file final_10.cif (mmCIF, C-alpha atoms)
data_upload
loop_
_atom_site.label_atom_id
_atom_site.label_comp_id
_atom_site.auth_asym_id
_atom_site.auth_seq_id
_atom_site.Cartn_x
_atom_site.Cartn_y
_atom_site.Cartn_z
CA MET A 2 9.13 11.50 91.53
CA THR A 3 12.21 10.24 93.31
CA LYS A 4 13.81 12.92 95.48
CA LEU A 5 16.32 10.92 97.48
CA ILE A 6 18.39 7.78 96.92
CA ILE A 7 20.54 6.05 99.52
CA LEU A 8 22.97 3.39 98.33
CA GLY A 9 23.98 1.36 101.37
CA MET A 10 27.19 -0.49 100.55
CA ASP A 11 28.15 -2.81 103.35
CA GLY A 12 31.83 -2.85 104.28
CA LEU A 13 32.84 -0.32 101.61
CA GLU A 14 36.39 0.67 102.53
CA TYR A 15 37.44 4.32 102.24
CA ASP A 16 41.07 3.46 101.47
CA LEU A 17 40.14 1.18 98.56
CA VAL A 18 37.68 3.67 97.07
CA THR A 19 40.36 6.36 97.07
CA LYS A 20 43.18 3.99 96.07
CA PHE A 21 41.23 2.75 93.05
CA GLY A 22 40.10 6.30 92.30
CA TYR A 23 36.41 5.54 91.90
CA LYS A 24 35.03 9.03 91.32
CA ASN A 25 31.41 7.95 91.08
CA LEU A 26 31.55 6.48 94.56
CA MET A 27 33.34 9.56 95.90
CA GLN A 28 30.86 12.01 94.32
CA ASP A 29 31.27 15.72 95.20
CA HIS A 30 31.79 15.30 98.96
CA PHE A 31 33.12 12.24 100.76
CA GLY A 32 34.84 11.13 103.93
CA LYS A 33 34.87 8.67 106.81
CA THR A 34 32.19 8.03 109.38
CA ASP A 35 33.04 7.41 113.03
CA ILE A 36 31.48 4.20 114.41
CA SER A 37 33.69 3.91 117.49
CA GLU A 38 30.63 4.34 119.73
CA PHE A 39 29.53 0.78 118.88
CA GLU A 40 30.95 -2.08 120.92
CA LEU A 41 29.60 -4.73 118.53
CA PRO A 42 29.82 -3.28 115.01
CA ARG A 43 27.62 -5.86 113.29
CA SER A 44 25.74 -4.93 110.14
CA VAL A 45 22.20 -5.15 111.51
CA ILE A 46 23.13 -3.03 114.53
CA LEU A 47 24.86 -0.38 112.44
CA TRP A 48 22.26 -0.12 109.69
CA SER A 49 19.39 -0.14 112.18
CA SER A 50 21.04 2.76 114.00
CA PHE A 51 21.54 4.58 110.69
CA ILE A 52 17.89 4.41 109.63
CA ALA A 53 16.64 5.18 113.17
CA GLY A 54 18.95 8.13 113.77
CA LYS A 55 20.09 6.78 117.12
CA SER A 56 22.06 3.84 118.45
CA LYS A 57 20.03 0.63 118.55
CA GLU A 58 22.90 -1.44 119.91
CA LYS A 59 21.64 -1.94 123.47
CA GLU A 60 18.14 -2.76 122.28
CA LEU A 61 19.23 -5.22 119.59
CA THR A 62 21.92 -7.04 121.55
CA ALA A 63 19.29 -7.86 124.18
CA LEU A 64 17.45 -9.97 121.59
CA THR A 65 18.01 -13.70 121.11
CA ASN A 66 18.63 -13.21 117.38
CA PHE A 67 19.25 -9.57 116.50
CA TRP A 68 19.90 -10.47 112.85
CA HIS A 69 16.15 -10.97 112.40
CA ALA A 70 15.10 -7.69 114.06
CA LYS A 71 12.60 -5.62 112.05
CA MET A 72 11.91 -2.03 113.05
CA PRO A 73 8.50 -0.48 112.38
CA ILE A 74 8.60 2.21 109.72
CA ALA A 75 7.57 4.85 112.27
CA GLN A 76 10.99 4.51 113.92
CA THR A 77 12.89 5.21 110.70
CA PHE A 78 13.44 8.13 108.33
CA PHE A 79 11.18 6.30 105.86
CA ALA A 80 8.21 7.37 108.00
CA ASN A 81 8.33 10.80 106.37
CA ALA A 82 8.21 9.47 102.79
CA LYS A 83 4.99 9.19 100.79
CA ASN A 84 5.99 6.04 98.89
CA PRO A 85 9.37 4.74 100.04
CA LEU A 86 11.19 1.65 98.82
CA ALA A 87 13.75 -0.16 100.97
CA LEU A 88 15.50 -3.06 99.26
CA ASP A 89 17.02 -5.62 101.66
CA VAL A 90 17.77 -3.00 104.35
CA PRO A 91 19.09 -4.62 107.56
CA GLY A 92 16.82 -4.10 110.53
CA PHE A 93 13.92 -3.19 108.26
CA THR A 94 13.46 -5.26 105.08
CA TYR A 95 16.45 -7.58 105.48
CA ILE A 96 16.06 -10.82 103.53
CA ASN A 97 16.79 -13.23 106.35
CA GLU A 98 16.87 -16.43 104.31
CA GLN A 99 19.60 -15.05 102.03
CA HIS A 100 21.81 -13.64 104.75
CA ASP A 101 21.36 -16.57 107.15
CA ARG A 102 22.62 -18.78 104.33
CA GLU A 103 25.60 -16.48 103.74
CA ARG A 104 26.63 -16.62 107.40
CA GLN A 105 26.25 -20.40 107.47
CA ASN A 106 28.27 -20.77 104.27
CA MET A 107 31.01 -18.59 105.75
CA LYS A 108 31.06 -20.66 108.92
CA ASP A 109 31.22 -23.89 106.92
CA PHE A 110 34.07 -22.58 104.75
CA LEU A 111 36.12 -21.44 107.75
CA GLU A 112 35.56 -24.80 109.43
CA GLY A 113 36.72 -26.66 106.31
CA LYS A 114 33.34 -28.17 105.55
CA ASN A 115 32.02 -29.07 102.12
CA ILE A 116 31.84 -25.66 100.42
CA THR A 117 34.32 -24.07 98.04
CA ILE A 118 35.05 -20.36 97.76
CA GLU A 119 33.53 -20.48 94.26
CA GLU A 120 30.25 -21.86 95.63
CA TYR A 121 30.27 -19.27 98.40
CA ASP A 122 30.84 -16.42 95.94
CA LYS A 123 28.22 -17.67 93.47
CA HIS A 124 25.46 -17.46 96.09
CA VAL A 125 26.50 -13.92 97.04
CA PHE A 126 26.83 -12.60 93.48
CA ALA A 127 23.43 -14.02 92.46
CA HIS A 128 21.76 -12.05 95.24
CA HIS A 129 23.73 -8.91 94.37
CA GLN A 130 22.52 -9.11 90.78
CA LYS A 131 18.92 -9.54 91.93
CA ILE A 132 19.04 -6.42 94.13
CA LYS A 133 20.66 -4.42 91.31
CA GLU A 134 17.88 -5.38 88.91
CA GLN A 135 15.15 -4.50 91.40
CA PHE A 136 16.79 -1.18 92.20
CA PHE A 137 17.19 0.00 88.61
CA LYS A 138 13.68 -1.12 87.72
CA ALA A 139 12.34 1.01 90.60
CA LEU A 140 14.51 3.94 89.58
CA GLU A 141 13.12 3.83 86.05
CA THR A 142 9.50 4.02 87.23
CA GLY A 143 10.03 7.13 89.38
CA GLU A 144 7.18 5.96 91.62
CA HIS A 145 9.10 6.12 94.90
CA ASP A 146 10.05 9.43 96.47
CA VAL A 147 12.73 7.73 98.59
CA ILE A 148 14.71 4.64 97.61
CA MET A 149 17.29 2.86 99.71
CA ALA A 150 19.06 -0.15 98.22
CA TYR A 151 21.40 -2.24 100.32
CA PHE A 152 24.33 -3.96 98.60
CA SER A 153 26.09 -6.47 100.83
CA VAL A 154 28.55 -7.87 98.29
CA SER A 155 31.65 -5.88 99.30
CA ASP A 156 31.28 -7.08 102.90
CA VAL A 157 30.23 -10.68 102.35
CA ILE A 158 32.88 -11.34 99.71
CA GLY A 159 35.38 -9.17 101.59
CA HIS A 160 35.28 -11.29 104.74
CA LEU A 161 36.83 -14.20 102.85
CA SER A 162 38.70 -12.33 100.09
CA PHE A 163 39.56 -8.78 101.17
CA GLY A 164 43.29 -9.50 100.89
CA ILE A 165 42.88 -10.48 97.23
CA THR A 166 43.16 -7.07 95.59
CA PRO A 167 42.13 -7.96 91.98
CA LYS A 168 38.95 -9.58 93.26
CA MET A 169 38.02 -6.61 95.43
CA ARG A 170 38.83 -4.21 92.60
CA MET A 171 36.29 -6.06 90.44
CA ILE A 172 33.63 -5.67 93.14
CA TYR A 173 34.39 -1.99 93.72
CA GLN A 174 34.31 -1.40 89.96
CA ASP A 175 30.82 -2.88 89.86
CA LEU A 176 29.67 -0.64 92.75
CA ASP A 177 31.20 2.39 91.04
CA GLU A 178 29.27 1.53 87.89
CA ILE A 179 26.04 1.39 89.91
CA ALA A 180 26.77 4.90 91.18
CA ALA A 181 27.58 6.08 87.64
CA LYS A 182 24.27 4.78 86.29
CA VAL A 183 22.37 6.47 89.10
CA LYS A 184 24.11 9.78 88.40
CA ALA A 185 23.25 9.48 84.70
CA LYS A 186 19.54 8.88 85.37
CA PHE A 187 18.84 10.81 88.58
CA ARG A 188 18.87 14.51 89.44
CA GLY A 189 17.91 14.35 93.10
CA LYS A 190 20.00 13.90 96.23
CA LEU A 191 22.24 10.83 96.45
CA LEU A 192 23.91 9.48 99.58
CA ILE A 193 26.34 6.58 99.36
CA ILE A 194 27.19 5.14 102.74
CA SER A 195 28.76 2.09 104.35
CA ASP A 196 28.24 0.77 107.85
CA HIS A 197 31.97 0.13 108.37
CA GLY A 198 35.16 -0.34 106.38
CA MET A 199 37.44 -3.37 106.16
CA PHE A 200 41.09 -4.22 106.56
CA ALA A 201 43.01 -7.31 105.48
CA ARG A 202 43.97 -10.23 107.70
CA GLY A 203 45.84 -12.32 105.17
CA ARG A 204 43.30 -13.17 102.49
CA PHE A 205 40.43 -12.45 104.89
CA GLY A 206 38.84 -9.15 105.96
CA ASP A 207 37.71 -7.66 109.26
CA HIS A 208 35.75 -4.55 110.31
CA THR A 209 37.27 -1.13 110.91
CA THR A 210 36.01 1.48 113.40
CA TYR A 211 34.99 3.83 110.58
CA GLY A 212 32.89 3.72 107.45
CA PHE A 213 32.56 5.60 104.16
CA TRP A 214 30.12 8.30 103.07
CA SER A 215 29.66 10.50 100.02
CA THR A 216 27.03 12.91 98.72
CA ASN A 217 26.24 14.90 95.60
CA PHE A 218 25.08 17.76 97.84
CA ASP A 219 26.79 19.83 100.50
CA VAL A 220 26.68 18.71 104.13
CA GLN A 221 27.73 20.42 107.33
CA PHE A 222 29.83 17.68 108.88
CA LYS A 223 33.29 16.26 108.19
CA ASN A 224 33.57 13.21 110.45
CA PRO A 225 29.97 12.21 111.12
CA LYS A 226 28.52 9.36 113.10
CA LEU A 227 26.14 7.03 111.29
CA THR A 228 23.26 8.50 113.21
CA ASP A 229 24.10 12.07 112.13
CA PHE A 230 22.57 11.56 108.69
CA PHE A 231 19.02 11.15 109.98
CA LYS A 232 18.08 14.84 110.00
CA THR A 233 19.77 15.42 106.63
CA LEU A 234 17.68 12.63 105.09
CA ILE A 235 14.48 13.96 106.65
CA ASP A 236 15.21 17.45 105.33
CA ALA A 237 15.92 16.08 101.84
CA GLN A 238 12.43 14.59 101.70
CA LEU A 239 10.80 17.87 102.66
CA GLU A 240 12.44 19.98 99.96
#

call {"tool": "encode", "arguments": {"input": "final_10.cif", "output": "C-alpha cells"}}
result
Amino acid sequence: MTKLIILGMDGLEYDLVTKFGYKNLMQDHFGKTDISEFELPRSVILWSSFIAGKSKEKELTALTNFWHAKMPIAQTFFANAKNPLALDVPGFTYINEQHDRERQNMKDFLEGKNITIEEYDKHVFAHHQKIKEQFFKALETGEHDVIMAYFSVSDVIGHLSFGITPKMRMIYQDLDEIAAKVKAKFRGKLLIISDHGMFARGRFGDHTTYGFWSTNFDVQFKNPKLTDFFKTLIDAQLE
C-alpha cells in the first residue's frame, strides 16, 4: 500500500501557482523553500540534496559531469522504504539520455542552430507524458509504499518560454490536474515540491533563490530549506 507520494516539479514558481489559483497544487499547507545556501542552484544539485537530507553541492561540483551523478539508495530517504519507486529523480534515477538531449537542444536554440521552439517543446512534452503514464500506472497498483515522480516540464519549457504567460498557464494547469488526480485516488501523505522557482527575462526564464512546497498534512516549518524535509519523509514512512 502506498503511504507517501512526492511530486517533484522542477522550477514550479510560487507566484504563478498562487496567481493562477491552482488549489490542487497548493493543497492544505504551502509556502516557499529557501535555497539561498546553494551557490550553484542546478537541478541535480538541488534534488540530490533534497533526497539526501543534506547539501551535496560541494561533492557534486567536484565531479567532471555532475549531471550524471547517481547516489546509492542508502544515502537517500528511499533507504527506509520497503518497495520504493523513483521516476526520473535527478541524482538517483535521472534519465540522462533525455535530459542531455534537452540541454543540447536548448543550447542549439539559443545559438540559433537548426531547431525550432516547436521541435524543442515536442521532445519535452513527449517525455512528460511518458512519466505521467508511468506514475499513474504505479499509483493504480498500490505496490510501492513510497513513490516519487519527477516532472521537469515547467523548468525545461520555462527556460525558453517563462515570459509567455498563456503557455505557462497551460503547463501549470496540467500539473494541477496531476495533483487533482492523485488527491482523488490517494489517501496517504502527499508532498509537492520544486527545487527552485523561476522569473522572467523577456520570453526566457531564470532560477530564483526559493522554491515551492505544499502538503496535505501539517508540518512544523514555514520557510524550510530543501534538506529540512528529509526527517518528515522518513517519519511518514514509519507511520

call {"tool": "residues_around", "arguments": {"input": "final_10.cif", "residues": "His124 (chain A)", "least_positions_apart": "6", "cutoff": "9 Å", "atoms": "only C-alpha atoms", "output": "CSV table (one decimal) with C-alpha atoms, keeping the file's coordinate frame"}}
result
chain,number,residue,atom,x,y,z
A,99,GLN,CA,19.6,-15.0,102.0
A,102,ARG,CA,22.6,-18.8,104.3
A,103,GLU,CA,25.6,-16.5,103.7

call {"tool": "resolve_selection", "arguments": {"input": "final_10.cif", "expression": "the PyMOL selection byres ((chain A and resi 30) around 10)", "output": "list in words"}}
result
Leu26, Met27, Gln28, Asp29, Phe31, Gly32, Leu192, Trp214, Ser215, Thr216, Asn217, Phe218, Asp219, Val220 and Lys223 of chain A

call {"tool": "residues_around", "arguments": {"input": "final_10.cif", "residues": "region 145-162 of chain A", "least_positions_apart": "2", "cutoff": "6 Å", "atoms": "only C-alpha atoms", "output": "NGL selection string"}}
result
:A and (2-12 or 84-90 or 143 or 164-165 or 204-206)

call {"tool": "write_last_selection", "arguments": {"input": "final_10.cif", "atoms": "C-alpha atoms", "output": "short mmCIF file (atom, residue, chain, number, x, y, z; two decimals), in the frame of the given file"}}
result
data_model
loop_
_atom_site.label_atom_id
_atom_site.label_comp_id
_atom_site.auth_asym_id
_atom_site.auth_seq_id
_atom_site.Cartn_x
_atom_site.Cartn_y
_atom_site.Cartn_z
CA MET A 2 9.13 11.50 91.53
CA THR A 3 12.21 10.24 93.31
CA LYS A 4 13.81 12.92 95.48
CA LEU A 5 16.32 10.92 97.48
CA ILE A 6 18.39 7.78 96.92
CA ILE A 7 20.54 6.05 99.52
CA LEU A 8 22.97 3.39 98.33
CA GLY A 9 23.98 1.36 101.37
CA MET A 10 27.19 -0.49 100.55
CA ASP A 11 28.15 -2.81 103.35
CA GLY A 12 31.83 -2.85 104.28
CA ASN A 84 5.99 6.04 98.89
CA PRO A 85 9.37 4.74 100.04
CA LEU A 86 11.19 1.65 98.82
CA ALA A 87 13.75 -0.16 100.97
CA LEU A 88 15.50 -3.06 99.26
CA ASP A 89 17.02 -5.62 101.66
CA VAL A 90 17.77 -3.00 104.35
CA GLY A 143 10.03 7.13 89.38
CA GLY A 164 43.29 -9.50 100.89
CA ILE A 165 42.88 -10.48 97.23
CA ARG A 204 43.30 -13.17 102.49
CA PHE A 205 40.43 -12.45 104.89
CA GLY A 206 38.84 -9.15 105.96
#

call {"tool": "closest_residue", "arguments": {"input": "final_10.cif", "among": "A:Lys55, A:Ile36, A:Thr94, A:Leu47", "to": "Met72 (chain A)", "atoms": "only C-alpha atoms"}}
result
A:Thr94

call {"tool": "closest_residue", "arguments": {"input": "final_10.cif", "among": "A:Ile118, A:Ile74, A:Ala237, A:Leu227", "to": "Thr34 (chain A)", "atoms": "all atoms listed in the file"}}
result
A:Leu227

call {"tool": "atom_distance", "arguments": {"input": "final_10.cif", "atom1": "CA of Leu41 (chain A)", "atom2": "CA of Leu234 (chain A)"}}
result
25.0 Å

call {"tool": "resolve_selection", "arguments": {"input": "final_10.cif", "expression": "the PyMOL selection byres ((chain A and resi 137) around 10)", "output": "list in words"}}
result
Ile132, Lys133, Glu134, Gln135, Phe136, Lys138, Ala139, Leu140, Glu141, Thr142, Ala150, Ile179, Lys182, Val183 and Lys186 of chain A

call {"tool": "closest_residue", "arguments": {"input": "final_10.cif", "among": "A:Arg104, A:Lys20, A:Lys33, A:Lys190", "to": "Lys226 (chain A)", "atoms": "only C-alpha atoms"}}
result
A:Lys33

call {"tool": "resolve_selection", "arguments": {"input": "final_10.cif", "expression": "the PyMOL selection byres ((chain A and resi 54) around 10)", "output": "PDB file with C-alpha atoms, keeping the file's coordinate frame"}}
result
ATOM      1  CA  TRP A  48      22.260  -0.120 109.690  1.00  0.00           C
ATOM      2  CA  SER A  49      19.390  -0.140 112.180  1.00  0.00           C
ATOM      3  CA  SER A  50      21.040   2.760 114.000  1.00  0.00           C
ATOM      4  CA  PHE A  51      21.540   4.580 110.690  1.00  0.00           C
ATOM      5  CA  ILE A  52      17.890   4.410 109.630  1.00  0.00           C
ATOM      6  CA  ALA A  53      16.640   5.180 113.170  1.00  0.00           C
ATOM      7  CA  LYS A  55      20.090   6.780 117.120  1.00  0.00           C
ATOM      8  CA  SER A  56      22.060   3.840 118.450  1.00  0.00           C
ATOM      9  CA  LYS A  57      20.030   0.630 118.550  1.00  0.00           C
ATOM     10  CA  GLN A  76      10.990   4.510 113.920  1.00  0.00           C
ATOM     11  CA  THR A  77      12.890   5.210 110.700  1.00  0.00           C
ATOM     12  CA  PHE A  78      13.440   8.130 108.330  1.00  0.00           C
ATOM     13  CA  LYS A 226      28.520   9.360 113.100  1.00  0.00           C
ATOM     14  CA  LEU A 227      26.140   7.030 111.290  1.00  0.00           C
ATOM     15  CA  THR A 228      23.260   8.500 113.210  1.00  0.00           C
ATOM     16  CA  ASP A 229      24.100  12.070 112.130  1.00  0.00           C
ATOM     17  CA  PHE A 230      22.570  11.560 108.690  1.00  0.00           C
ATOM     18  CA  PHE A 231      19.020  11.150 109.980  1.00  0.00           C
ATOM     19  CA  LYS A 232      18.080  14.840 110.000  1.00  0.00           C
ATOM     20  CA  LEU A 234      17.680  12.630 105.090  1.00  0.00           C
TER      21      LEU A 234
END

call {"tool": "atom_distance", "arguments": {"input": "final_10.cif", "atom1": "CA of Thr117 (chain A)", "atom2": "CA of Phe163 (chain A)"}}
result
16.5 Å

call {"tool": "atom_distance", "arguments": {"input": "final_10.cif", "atom1": "CA of Leu111 (chain A)", "atom2": "CA of Pro91 (chain A)"}}
result
23.9 Å

call {"tool": "axis_aligned_box", "arguments": {"input": "final_10.cif", "around": "region 62-70 of chain A", "padding_each_side": "8 Å", "output": "AutoDock Vina command-line options"}}
result
--center_x 18.5 --center_y -10.4 --center_z 118.3 --size_x 22.8 --size_y 22.7 --size_z 27.8

call {"tool": "closest_residue", "arguments": {"input": "final_10.cif", "among": "A:Lys83, A:Lys168, A:Tyr15, A:Lys24", "to": "Ala181 (chain A)", "atoms": "only C-alpha atoms"}}
result
A:Lys24
